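Undergrad: Just so it is clear, I am handing over my_file.cif, which has mmCIF, C-alpha atoms and all ligand atoms.
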```
data_work
loop_
_atom_site.label_atom_id
_atom_site.label_comp_id
_atom_site.auth_asym_id
_atom_site.auth_seq_id
_atom_site.Cartn_x
_atom_site.Cartn_y
_atom_site.Cartn_z
CA MET Q 15 90.14 54.21 145.87
CA SER Q 16 87.83 56.95 147.02
CA GLU Q 17 84.68 57.89 145.13
CA THR Q 18 82.06 55.37 144.07
CA ILE Q 19 82.04 54.29 140.45
CA GLN Q 20 78.68 53.77 138.86
CA THR Q 21 78.62 51.06 136.20
CA SER Q 22 78.05 52.46 132.73
CA VAL Q 23 79.18 50.52 129.67
CA TYR Q 24 77.21 51.20 126.48
CA SER Q 25 79.93 50.33 123.98
CA GLU Q 26 83.19 48.43 123.55
CA ILE Q 27 85.13 51.53 122.60
CA GLY Q 28 83.94 54.53 124.66
CA GLU Q 29 86.69 56.36 126.54
CA ILE Q 30 87.51 54.21 129.54
CA GLU Q 31 86.80 55.61 133.02
CA GLY Q 32 87.27 52.59 135.26
CA VAL Q 33 88.59 49.05 134.94
CA ILE Q 34 88.98 46.07 137.27
CA LEU Q 35 92.26 44.16 137.08
CA HIS Q 36 93.99 41.35 138.86
CA THR Q 37 97.76 41.20 138.89
CA PRO Q 38 98.74 37.53 138.50
CA GLY Q 39 100.21 35.93 141.62
CA SER Q 40 101.38 32.47 142.62
CA GLU Q 41 98.11 30.98 141.34
CA VAL Q 42 99.45 31.08 137.77
CA GLU Q 43 102.44 28.94 138.69
CA ASN Q 44 100.76 26.42 140.93
CA MET Q 45 100.35 23.69 138.36
CA THR Q 46 102.47 21.14 136.55
CA PRO Q 47 102.68 20.19 132.89
CA GLY Q 48 100.54 17.20 133.84
CA ASN Q 49 97.67 19.18 135.32
CA ALA Q 50 97.88 22.47 133.39
CA GLU Q 51 95.02 21.38 131.16
CA ARG Q 52 92.54 21.10 134.01
CA ALA Q 53 93.65 24.62 134.96
CA LEU Q 54 92.57 25.63 131.41
CA TYR Q 55 96.14 26.42 130.40
CA SER Q 56 97.87 25.02 127.33
CA ASP Q 57 101.31 25.58 128.82
CA ILE Q 58 102.87 26.43 132.18
CA LEU Q 59 103.83 30.03 132.97
CA ASN Q 60 106.82 31.72 134.55
CA LEU Q 61 105.41 34.12 137.14
CA SER Q 62 108.25 36.64 137.26
CA VAL Q 63 108.16 37.12 133.48
CA ALA Q 64 104.36 37.19 133.45
CA GLN Q 65 104.38 39.85 136.18
CA GLU Q 66 106.87 42.01 134.32
CA GLU Q 67 104.67 41.86 131.26
CA TYR Q 68 101.57 42.50 133.30
CA GLN Q 69 103.16 45.59 134.79
CA GLN Q 70 103.17 47.02 131.27
CA LEU Q 71 99.42 46.59 130.98
CA HIS Q 72 98.88 47.92 134.49
CA GLY Q 73 101.30 50.81 134.03
CA VAL Q 74 99.60 51.92 130.82
CA LEU Q 75 96.10 51.65 132.26
CA CYS Q 76 97.11 53.62 135.36
CA LYS Q 77 98.13 56.48 133.06
CA ILE Q 78 94.82 56.40 131.25
CA THR Q 79 92.09 55.51 133.72
CA LYS Q 80 91.09 54.54 137.22
CA THR Q 81 92.12 50.97 137.98
CA LEU Q 82 90.86 48.74 140.78
CA GLN Q 83 92.46 45.49 141.90
CA VAL Q 84 90.33 42.44 142.71
CA LYS Q 85 92.44 41.54 145.74
CA ASP Q 86 92.06 45.00 147.31
CA LEU Q 87 88.32 45.01 146.72
CA LEU Q 88 87.98 41.47 148.08
CA THR Q 89 90.05 42.22 151.18
CA GLU Q 90 87.87 45.23 151.93
CA ILE Q 91 84.57 43.41 151.66
CA LEU Q 92 85.90 40.48 153.72
CA GLY Q 93 86.33 43.01 156.51
CA ILE Q 94 82.51 43.07 156.77
CA PRO Q 95 81.70 40.04 159.00
CA GLU Q 96 78.38 39.12 157.33
CA VAL Q 97 79.94 39.28 153.87
CA LYS Q 98 82.87 37.13 154.97
CA GLU Q 99 80.53 34.60 156.53
CA SER Q 100 78.20 34.35 153.55
CA LEU Q 101 80.92 34.26 150.87
CA VAL Q 102 82.87 31.56 152.72
CA ARG Q 103 79.69 29.55 153.23
CA LYS Q 104 78.76 29.83 149.57
CA ILE Q 105 82.22 28.82 148.36
CA CYS Q 106 82.54 25.90 150.79
CA LYS Q 107 79.12 24.61 149.70
CA SER Q 108 79.84 24.95 146.00
CA GLU Q 109 83.28 23.34 146.26
CA GLU Q 110 82.12 20.69 148.71
CA VAL Q 111 84.64 21.53 151.41
CA ARG Q 112 82.29 22.41 154.26
CA SER Q 113 84.89 21.21 156.78
CA LEU Q 114 87.14 24.13 155.76
CA ARG Q 115 84.62 26.75 156.78
CA LYS Q 116 85.84 27.36 160.31
CA ARG Q 117 89.48 27.44 159.29
CA MET Q 118 88.76 30.00 156.62
CA LEU Q 119 86.60 32.17 158.84
CA ASN Q 120 89.46 32.33 161.35
CA LEU Q 121 91.71 34.03 158.79
CA GLU Q 122 92.15 37.79 158.68
CA ALA Q 123 90.54 39.46 155.67
CA ALA Q 124 93.80 39.97 153.73
CA GLU Q 125 94.98 36.40 154.27
CA LEU Q 126 91.57 35.01 153.41
CA ALA Q 127 91.53 37.07 150.19
CA ASN Q 128 94.97 35.64 149.37
CA GLN Q 129 93.91 32.08 149.98
CA LEU Q 130 90.65 32.44 148.07
CA ILE Q 131 92.71 33.48 145.04
CA GLU Q 132 95.98 31.60 145.49
CA GLY Q 133 94.44 28.47 146.99
CA VAL Q 134 93.83 27.08 150.46
CA PRO Q 135 96.64 24.64 151.38
CA LEU Q 136 95.64 21.03 151.95
CA ASN Q 137 96.41 19.91 155.49
CA LYS Q 138 98.37 16.69 155.46
CA ASP Q 139 97.04 15.69 158.89
CA SER Q 140 94.86 12.80 157.72
CA LEU Q 141 95.82 9.68 155.78
CA THR Q 142 93.70 10.83 152.83
CA GLY Q 143 95.37 14.22 152.86
CA PHE Q 144 98.82 12.68 153.29
CA LEU Q 145 98.37 10.31 150.35
CA SER Q 146 96.74 12.90 148.09
CA ASP Q 147 98.66 14.29 145.10
CA GLU Q 148 96.85 17.59 145.62
CA ARG Q 149 98.48 20.49 147.42
CA ASN Q 150 95.34 22.51 147.86
CA ALA Q 151 92.05 21.94 149.62
CA LEU Q 152 90.67 24.83 147.55
CA ARG Q 153 92.31 25.11 144.15
CA PRO Q 154 94.08 28.32 143.11
CA LEU Q 155 92.15 30.58 140.73
CA HIS Q 156 94.68 30.20 137.94
CA ASN Q 157 92.68 32.29 135.49
CA PHE Q 158 91.64 35.27 137.62
CA PHE Q 159 93.95 37.67 135.81
CA PHE Q 160 91.49 37.31 132.94
CA THR Q 161 89.04 39.52 134.83
CA ARG Q 162 86.90 39.88 131.70
CA ASP Q 163 85.22 36.55 132.03
CA ALA Q 164 83.70 36.12 135.51
CA SER Q 165 81.57 39.27 135.42
CA MET Q 166 80.60 41.67 132.68
CA ALA Q 167 79.25 45.19 132.56
CA LEU Q 168 76.01 45.31 130.61
CA TYR Q 169 74.89 48.95 130.34
CA ASN Q 170 74.28 50.12 133.92
CA GLN Q 171 74.32 46.64 135.46
CA VAL Q 172 76.80 43.82 135.94
CA LEU Q 173 75.99 40.36 134.70
CA ILE Q 174 77.67 37.70 136.83
CA GLY Q 175 79.38 34.97 134.84
CA LYS Q 176 78.16 31.41 134.92
CA MET Q 177 81.44 29.70 134.22
CA ALA Q 178 81.57 26.70 131.93
CA ASN Q 179 84.31 25.08 134.04
CA LYS Q 180 84.15 24.53 137.76
CA VAL Q 181 87.78 25.62 138.10
CA ARG Q 182 86.64 29.20 137.36
CA SER Q 183 83.33 29.26 139.31
CA ARG Q 184 84.80 30.82 142.46
CA GLU Q 185 85.88 33.83 140.40
CA ALA Q 186 82.23 34.60 139.66
CA MET Q 187 81.26 34.24 143.34
CA VAL Q 188 84.03 36.62 144.38
CA MET Q 189 83.05 39.17 141.71
CA GLU Q 190 79.39 39.02 142.69
CA ALA Q 191 80.27 39.68 146.33
CA ILE Q 192 82.50 42.57 145.28
CA PHE Q 193 79.84 44.19 143.11
CA LYS Q 194 77.21 43.73 145.78
CA HIS Q 195 79.21 45.00 148.72
CA SER Q 196 82.15 47.17 147.71
CA ALA Q 197 81.85 50.78 148.79
CA HIS Q 198 83.76 51.74 145.63
CA LEU Q 199 81.25 50.33 143.20
CA ASN Q 200 77.63 51.08 142.62
CA THR Q 201 75.67 48.73 140.43
CA LYS Q 202 72.87 46.25 140.25
CA THR Q 203 73.91 42.69 139.56
CA ILE Q 204 72.15 40.05 137.48
CA ASN Q 205 72.89 36.44 138.33
CA PRO Q 206 71.96 33.73 135.82
CA ASP Q 207 71.18 31.51 138.81
CA SER Q 208 67.99 33.59 139.08
CA ALA Q 209 66.77 32.13 135.76
CA LYS Q 210 63.35 30.51 135.88
CA HIS Q 211 64.12 27.76 133.37
CA ASP Q 212 67.05 25.55 132.44
CA LYS Q 213 69.33 27.14 135.03
CA ASN Q 214 71.76 24.26 134.86
CA LYS Q 215 72.17 24.57 131.11
CA ILE Q 216 73.16 28.23 131.25
CA THR Q 217 76.79 29.18 130.89
CA ILE Q 218 77.93 32.75 130.15
CA GLU Q 219 81.49 34.11 130.15
CA GLY Q 220 82.45 37.74 129.55
CA GLY Q 221 84.82 36.98 126.67
CA ASP Q 222 81.70 36.14 124.68
CA LEU Q 223 79.71 39.32 125.38
CA LEU Q 224 80.44 42.50 123.43
CA VAL Q 225 78.32 45.61 123.95
CA ALA Q 226 78.71 47.05 120.46
CA ARG Q 227 76.27 49.95 120.79
CA GLU Q 228 73.38 50.90 123.09
CA ASP Q 229 71.07 48.80 120.94
CA ILE Q 230 73.43 46.06 119.73
CA LEU Q 231 74.96 43.17 121.67
CA ILE Q 232 77.23 40.64 120.00
CA VAL Q 233 77.39 37.28 121.74
CA GLY Q 234 79.61 34.29 121.00
CA THR Q 235 78.28 30.82 121.64
CA GLY Q 236 80.38 27.69 121.86
CA LEU Q 237 82.40 26.01 124.57
CA ARG Q 238 81.93 28.76 127.14
CA THR Q 239 78.58 30.45 126.51
CA SER Q 240 75.73 28.07 125.83
CA THR Q 241 72.65 28.76 123.72
CA HIS Q 242 70.72 28.74 127.01
CA GLY Q 243 73.13 31.43 128.19
CA VAL Q 244 72.21 33.52 125.15
CA ASP Q 245 68.51 32.88 125.89
CA PHE Q 246 69.07 34.24 129.39
CA ILE Q 247 70.63 37.38 127.90
CA ILE Q 248 67.61 37.72 125.58
CA GLU Q 249 65.35 37.65 128.64
CA GLN Q 250 67.35 40.50 130.21
CA ILE Q 251 67.22 42.63 127.06
CA LYS Q 252 63.46 42.06 126.75
CA LYS Q 253 63.09 44.07 129.96
CA ASN Q 254 64.16 47.22 128.09
CA ASN Q 255 61.96 49.38 125.89
CA GLY Q 256 62.65 50.04 122.24
CA LYS Q 257 64.49 48.09 119.57
CA HIS Q 258 67.46 45.89 120.38
CA SER Q 259 69.54 43.50 118.34
CA ILE Q 260 71.52 40.54 119.59
CA VAL Q 261 73.92 39.16 117.02
CA VAL Q 262 75.02 35.63 117.87
CA GLN Q 263 78.20 34.13 116.47
CA GLN Q 264 78.78 30.41 116.75
CA LEU Q 265 82.35 29.42 117.58
CA PRO Q 266 84.37 26.25 116.95
CA SER Q 267 85.16 24.07 119.94
CA LYS Q 268 88.72 23.38 118.81
CA PRO Q 269 91.44 24.47 119.26
CA GLU Q 270 91.14 26.12 122.68
CA SER Q 271 92.15 29.51 121.26
CA PHE Q 272 88.54 29.82 120.03
CA ILE Q 273 87.00 29.65 123.50
CA HIS Q 274 85.52 33.14 123.38
CA LEU Q 275 84.27 35.50 120.71
CA ASP Q 276 86.86 38.11 121.73
CA MET Q 277 89.59 35.72 120.53
CA VAL Q 278 88.33 36.07 116.95
CA PHE Q 279 86.60 39.45 116.91
CA THR Q 280 87.03 42.76 118.77
CA LEU Q 281 85.92 46.33 118.13
CA LEU Q 282 88.68 48.87 117.60
CA ASP Q 283 86.96 52.10 116.61
CA ARG Q 284 83.63 53.52 115.44
CA ASP Q 285 84.46 52.15 112.01
CA PHE Q 286 87.10 49.42 112.48
CA CYS Q 287 87.03 45.92 113.89
CA MET Q 288 89.64 43.16 114.19
CA VAL Q 289 88.67 39.81 112.71
CA TYR Q 290 90.12 36.36 112.46
CA ASP Q 291 89.29 35.81 108.81
CA PRO Q 292 88.50 32.05 108.67
CA ILE Q 293 85.82 32.24 111.36
CA ILE Q 294 84.39 35.72 110.88
CA MET Q 295 84.60 36.49 107.15
CA GLN Q 296 84.96 33.23 105.23
CA PRO Q 297 81.94 31.03 104.48
CA ASN Q 298 81.96 28.26 107.11
CA LYS Q 299 79.64 26.18 109.24
CA TYR Q 300 79.66 28.61 112.17
CA GLN Q 301 76.42 30.53 111.89
CA THR Q 302 75.75 34.20 112.51
CA ILE Q 303 72.22 34.74 113.77
CA LEU Q 304 70.39 38.03 114.27
CA ILE Q 305 67.80 38.22 117.05
CA SER Q 306 65.59 41.30 116.82
CA ILE Q 307 63.81 42.39 119.99
CA GLU Q 308 61.21 45.12 120.15
CA ASP Q 309 59.39 46.38 123.22
CA GLY Q 310 59.93 43.24 125.23
CA LYS Q 311 59.26 40.71 122.47
CA VAL Q 312 61.47 38.66 120.16
CA LYS Q 313 60.26 39.90 116.76
CA ASN Q 314 62.49 37.86 114.51
CA ILE Q 315 65.40 35.42 114.48
CA GLU Q 316 67.27 34.92 111.23
CA LYS Q 317 70.51 33.63 109.82
CA GLN Q 318 72.95 36.20 108.43
CA SER Q 319 75.80 35.78 105.98
CA ASN Q 320 78.45 36.96 108.43
CA LEU Q 321 79.00 39.11 111.49
CA VAL Q 322 80.48 42.13 109.72
CA GLN Q 323 77.71 42.23 107.11
CA CYS Q 324 75.08 41.81 109.79
CA LEU Q 325 76.47 44.78 111.74
CA HIS Q 326 76.52 46.80 108.54
CA GLY Q 327 72.84 46.04 108.10
CA LEU Q 328 72.21 47.36 111.62
CA GLY Q 329 73.81 50.68 110.73
CA LEU Q 330 77.24 49.83 112.12
CA PRO Q 331 79.55 49.62 109.10
CA LEU Q 332 83.00 48.43 110.16
CA LYS Q 333 86.13 47.92 108.12
CA PRO Q 334 87.63 44.57 109.13
CA LEU Q 335 91.34 44.44 109.88
CA TYR Q 336 92.86 40.97 109.69
CA CYS Q 337 94.52 39.22 112.58
CA GLY Q 338 97.87 38.01 111.21
CA GLY Q 339 97.53 40.16 108.10
CA ARG Q 340 95.88 39.24 104.82
CA LYS Q 341 98.27 36.95 103.05
CA ASP Q 342 99.21 33.84 104.93
CA ILE Q 343 96.83 31.53 106.79
CA TRP Q 344 99.66 30.05 108.85
CA ILE Q 345 100.54 33.50 110.16
CA GLN Q 346 96.88 34.22 110.83
CA GLU Q 347 96.59 30.98 112.80
CA ARG Q 348 99.78 31.64 114.76
CA GLU Q 349 98.83 35.17 115.74
CA GLN Q 350 95.23 34.26 116.57
CA TRP Q 351 96.56 31.49 118.84
CA HIS Q 352 98.50 34.12 120.78
CA SER Q 353 95.50 36.40 121.20
CA GLY Q 354 96.30 38.51 118.14
CA ALA Q 355 92.64 39.47 117.66
CA ASN Q 356 92.09 40.29 121.32
CA PHE Q 357 92.27 44.07 121.78
CA PHE Q 358 91.11 46.23 124.66
CA ALA Q 359 89.84 49.64 123.60
CA VAL Q 360 90.58 52.54 125.94
CA GLY Q 361 88.76 54.91 123.58
CA PRO Q 362 87.57 54.98 119.96
CA GLY Q 363 90.57 54.00 117.81
CA LYS Q 364 92.77 53.61 120.93
CA VAL Q 365 93.57 50.05 121.85
CA ILE Q 366 96.00 47.80 123.73
CA GLY Q 367 97.35 44.47 122.42
CA TYR Q 368 100.37 42.19 122.39
CA ALA Q 369 103.64 43.32 120.74
CA ARG Q 370 104.41 39.78 119.58
CA ASN Q 371 101.70 39.76 116.90
CA VAL Q 372 103.70 41.77 114.40
CA TYR Q 373 101.69 41.00 111.28
CA THR Q 374 98.49 42.08 113.00
CA LEU Q 375 100.21 45.31 114.10
CA GLU Q 376 101.47 45.93 110.58
CA GLU Q 377 97.91 45.56 109.29
CA MET Q 378 96.74 48.10 111.88
CA ASN Q 379 99.59 50.47 111.12
CA ASN Q 380 98.70 50.33 107.42
CA ASN Q 381 95.26 51.50 108.45
CA GLY Q 382 96.32 54.51 110.45
CA PHE Q 383 97.01 53.07 113.92
CA GLU Q 384 100.26 54.35 115.40
CA VAL Q 385 102.11 51.48 117.11
CA ILE Q 386 103.32 52.69 120.53
CA PRO Q 387 105.34 50.48 122.93
CA ALA Q 388 103.94 50.43 126.47
CA ALA Q 389 107.28 51.53 127.92
CA ASP Q 390 107.04 54.83 126.02
CA VAL Q 391 103.68 55.52 127.63
CA ILE Q 392 104.80 54.49 131.10
CA ASN Q 393 108.00 56.57 130.89
CA ASN Q 394 106.13 59.63 129.61
CA LYS Q 395 108.09 59.56 126.38
CA ILE Q 396 105.06 60.28 124.29
CA ASN Q 397 101.87 62.25 124.65
CA LEU Q 398 98.97 59.95 123.81
CA ASN Q 399 96.72 62.93 123.14
CA ALA Q 400 98.83 63.68 120.08
CA TYR Q 401 97.47 60.56 118.34
CA LYS Q 402 93.97 60.00 117.01
CA LYS Q 403 94.44 56.28 116.55
CA TYR Q 404 96.93 54.05 118.26
CA VAL Q 405 97.72 50.57 119.46
CA ILE Q 406 99.79 50.38 122.63
CA THR Q 407 101.83 47.19 122.63
CA ILE Q 408 102.66 45.14 125.71
CA ASN Q 409 105.00 42.18 125.85
CA GLY Q 410 103.13 38.94 125.94
CA ALA Q 411 105.57 36.06 125.73
CA GLU Q 412 104.27 34.52 128.98
CA LEU Q 413 100.86 36.15 129.45
CA ALA Q 414 99.60 34.84 126.12
CA ARG Q 415 100.27 31.27 127.29
CA GLY Q 416 97.45 31.70 129.80
CA GLY Q 417 95.14 31.83 126.80
CA GLY Q 418 94.10 35.47 126.54
CA GLY Q 419 95.12 39.01 125.69
CA GLY Q 420 94.35 42.67 126.44
CA ARG Q 421 90.56 42.37 126.37
CA CYS Q 422 90.56 39.21 128.47
CA MET Q 423 92.71 40.85 131.15
CA THR Q 424 90.44 43.86 131.67
CA MET Q 425 86.94 44.25 133.09
CA PRO Q 426 85.68 47.74 132.21
CA ILE Q 427 83.08 49.18 134.55
CA ARG Q 428 82.66 52.64 133.11
CA ARG Q 429 83.05 54.20 129.69
CA LYS Q 430 82.08 57.59 128.31
CA LYS Q 431 79.23 57.46 125.82
CA VAL Q 432 80.41 57.36 122.22
CA GLU Q 433 79.39 60.07 119.77
CA TRP Q 434 78.60 57.90 116.78
N1 LIG W 501 88.15 36.35 127.26
C1 LIG W 501 89.10 35.40 127.13
O1 LIG W 501 89.29 34.87 126.04
N2 LIG W 501 89.72 35.00 128.24
C2 LIG W 501 90.80 34.09 128.24
C3 LIG W 501 90.61 32.99 129.23
C4 LIG W 501 91.71 31.96 129.20
C5 LIG W 501 91.61 30.93 130.28
N3 LIG W 501 92.77 30.10 130.34
C6 LIG W 501 90.38 30.06 130.10
O2 LIG W 501 90.50 29.03 129.42
O3 LIG W 501 89.32 30.36 130.62
#
```
Let me see the file written as structure tokens.

TA:
Amino acid sequence: MSETIQTSVYSEIGEIEGVILHTPGSEVENMTPGNAERALYSDILNLSVAQEEYQQLHGVLCKITKTLQVKDLLTEILGIPEVKESLVRKICKSEEVRSLRKRMLNLEAAELANQLIEGVPLNKDSLTGFLSDERNALRPLHNFFFTRDASMALYNQVLIGKMANKVRSREAMVMEAIFKHSAHLNTKTINPDSAKHDKNKITIEGGDLLVAREDILIVGTGLRTSTHGVDFIIEQIKKNNGKHSIVVQQLPSKPESFIHLDMVFTLLDRDFCMVYDPIIMQPNKYQTILISIEDGKVKNIEKQSNLVQCLHGLGLPLKPLYCGGRKDIWIQEREQWHSGANFFAVGPGKVIGYARNVYTLEEMNNNGFEVIPAADVINNKINLNAYKKYVITINGAELARGGGGGRCMTMPIRRKKVEW
């Protein structure tokens, strides 16, 4: 990690130049079947398998772009005494464990970074502690390997997430401190806590925010991003000159595989997107709404027939490819459940997704995407430059159980501008 990276994300698909990752550690195993749900998991994970799979994602990204690890960045900023002091104070206040402050401040930066992510052990030196079923005074951040959600690059700034569930709030605090203080990153941050109105009703998570083009944002609203969260984003966009469109897609609240927009819709290329048909294309009760903003004012808000048609109307015609293929709704449901619609673009027409979703991959292959196993990239068996369109596949037997895929596990901070 040497030079400073300036945030610049004006699309979902521009050639990637920097991404923040977090390799899963013990925090993904520190739960039981009985309490996995409060950790926002639908199953328990095996760490060694998850790590092997994750190494495929990491290995591929290291070949393609600059990667930064949350734990390294956090350890470095915790080496700055004022940052350590203020982050620990903020976390202890928010998680109502003020008595832990001293103990945490006494830890070295690397150990403190570990404990902030993997959990602070609960001392069993009081009767309450002894009798408690908990093992941690500060819970592990089970979901931090989904770096997409707790902060999001929005053009040349970073919007800090306002997490819908307390169990993920510390992730946003850590990311804010990193973006504010890391010597490797250069960006302004926007924190929804600065909102003038309805602060407590705002929730925003990165899985719901897609920067489609310089002038088009697509935002999902549902369990994780509230309508007040979208209103906060509108206020930010109003600060810019010119014409901007925010396309809002309502999402179902059940099952949990619909938590974010990127679980049912991702951008693959200048002219291709991945859709989960029942939510995105079929007539249903989940509305698509176009908000038109011009020179700082909301000019119009209107209902649209669906997301793909709305984008077409904005001069972004996209051919939809179907998660799970076109024929069988059961297969579509199965592959969507395992993050089959959740792709991370490393460039236009160049994406990463799970190998397990074979019907989705077949659909992509039928539309010109070469299917390339991650191992072939990592072992230099193939030259990626030889392909115009590809999907690199990583194993996701365990990772997918955490509830997300390639896009969820990546937080891009810099992309080249796209020539449309
Ligand atoms: N963008 C995403 O869809 N991220 C996946 C987050 C999964 C995680 N278990 C959660 O429920 O927050």

Undergrad: Per residue of chain Q within 8 Å of ligand LIG 501 (chain W), which atom pair is closest and at what distance in Å (one decimal), using all atoms listed in the file, listed by chain and increasing number, as CSV?

TA:
```
residue,atom,partner,partner_atom,distance
Q:Ala53,CA,W:LIG501,N3,7.2
Q:Leu54,CA,W:LIG501,O2,4.5
Q:Tyr55,CA,W:LIG501,N3,5.0
Q:Ser56,CA,W:LIG501,N3,7.8
Q:His156,CA,W:LIG501,N3,7.8
Q:Asn157,CA,W:LIG501,C5,5.5
Q:Phe160,CA,W:LIG501,N2,5.5
Q:Arg162,CA,W:LIG501,N1,5.8
Q:Asp163,CA,W:LIG501,N1,5.6
Q:Arg182,CA,W:LIG501,O3,7.3
Q:Glu219,CA,W:LIG501,N1,7.6
Q:Gly220,CA,W:LIG501,N1,6.3
Q:Gly221,CA,W:LIG501,N1,3.4
Q:Asp222,CA,W:LIG501,N1,7.0
Q:Glu270,CA,W:LIG501,O2,7.4
Q:Ser271,CA,W:LIG501,O1,7.7
Q:Phe272,CA,W:LIG501,O1,7.9
Q:Ile273,CA,W:LIG501,O1,6.2
Q:His274,CA,W:LIG501,O1,4.9
Q:Leu275,CA,W:LIG501,O1,7.3
Q:Asp276,CA,W:LIG501,O1,5.9
Q:Met277,CA,W:LIG501,O1,5.6
Q:Asn356,CA,W:LIG501,O1,7.7
Q:Gly416,CA,W:LIG501,N3,5.0
Q:Gly417,CA,W:LIG501,C4,4.2
Q:Gly418,CA,W:LIG501,C2,4.0
Q:Gly419,CA,W:LIG501,C2,7.0
Q:Arg421,CA,W:LIG501,N1,6.5
Q:Cys422,CA,W:LIG501,N1,3.9
Q:Met423,CA,W:LIG501,N2,7.2
```

Undergrad: Name the closest residue to Val432 (chain Q) among the candidates Q:Lys202, Q:Val97, Q:Val188, Q:Glu228; distances are taken between atoms, counting only C-alpha atoms.

TA: Q:Glu228

Undergrad: Check the smallest atom-to-atom distance from each of Q:Glu433, Q:Val278, Q:Ile131, Q:Met295 to Tyr24 (chain Q) using all atoms listed in the file, then report the winner.

TA: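 Residue with the minimum atom-to-atom distance to Tyr24 (chain Q): Q:Glu433.
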
Undergrad: Find the distance between CA of Ile260 (chain Q) and CA of Lys317 (chain Q) and write it in Å to one decimal.

TA: 12.0 Å

Undergrad: Residues near region 143-153 of chain Q, anyone? I mean within 6 Å using all atoms listed in the file, not counting same-chain ones fewer than 3 positions away, as a PyMOL selection string.

TA: chain Q and resi 133-136+138+140

Undergrad: I'd like the interatomic distance between CA of Arg184 (chain Q) and CA of Lys107 (chain Q), to a tenth of an Å.

TA: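 We find that CA of Arg184 (chain Q) and CA of Lys107 (chain Q) lie 11.1 Å from each other.
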
Undergrad: Env of Gln69 (chain Q): 10 Å cut, atoms = all atoms listed in the file, seq-sep filter 6 positions within chain, self excluded. Answer as a list in words.

TA: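 Result of the neighbour search: Thr37, Pro38, Val63, Leu75, Ala388, Ala389, Ile392, Ile408 and Asn409 of chain Q.
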
Undergrad: Please provide the set of residues having any atom within 9 Å of Lys403 (chain Q), restricted to only C-alpha atoms, with same-chain residues fewer than 2 positions apart removed, written as a ChimeraX atom specification.

TA: /Q:283,362-365,382-384,401,405

Undergrad: Could you write out as lines of an AutoDock Vina configuration file the box around region 270-289 of chain Q (axis-aligned, all atoms listed in the file, 3 Å on each side), with centre and edge lengths in Å to one decimal?

TA:
```
center_x = 87.9
center_y = 39.8
center_z = 117.8
size_x = 14.5
size_y = 33.4
size_z = 17.5
```

Undergrad: Let me make sure I understand: among Q:Leu223, Q:Leu82, Q:Ala400, Q:Leu71, which one has the smallest atom-to-atom distance to Glu31 (chain Q) if we use all atoms listed in the file?

TA: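 So, comparing all the options, the nearest one is Q:Leu82.
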
Undergrad: I'd like the neighbourhood of region 119-130 of chain Q as a list in words, where a residue qualifies if any of its atoms comes within 8 Å (using all atoms listed in the file), though same-chain residues fewer than 6 positions away should be ignored.

TA: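 Neighbouring residues, sequence-local ones excluded: Lys85, Leu88, Thr89, Glu90, Leu92, Gly93, Lys98, Glu99, Val102, Leu152, Pro154 and Leu155 of chain Q.
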
Undergrad: Ranking Q:Val84, Q:Met187, Q:Ala197, Q:Ile343 by minimum distance to Glu17 (chain Q) and counting all atoms listed in the file, which one comes first?

TA: Q:Ala197

Undergrad: Nearest to Cys337 (chain Q): which of Q:Tyr368, Q:Ile34, Q:Thr21, Q:Ile315 is it, counting all atoms listed in the file?

TA: Q:Tyr368
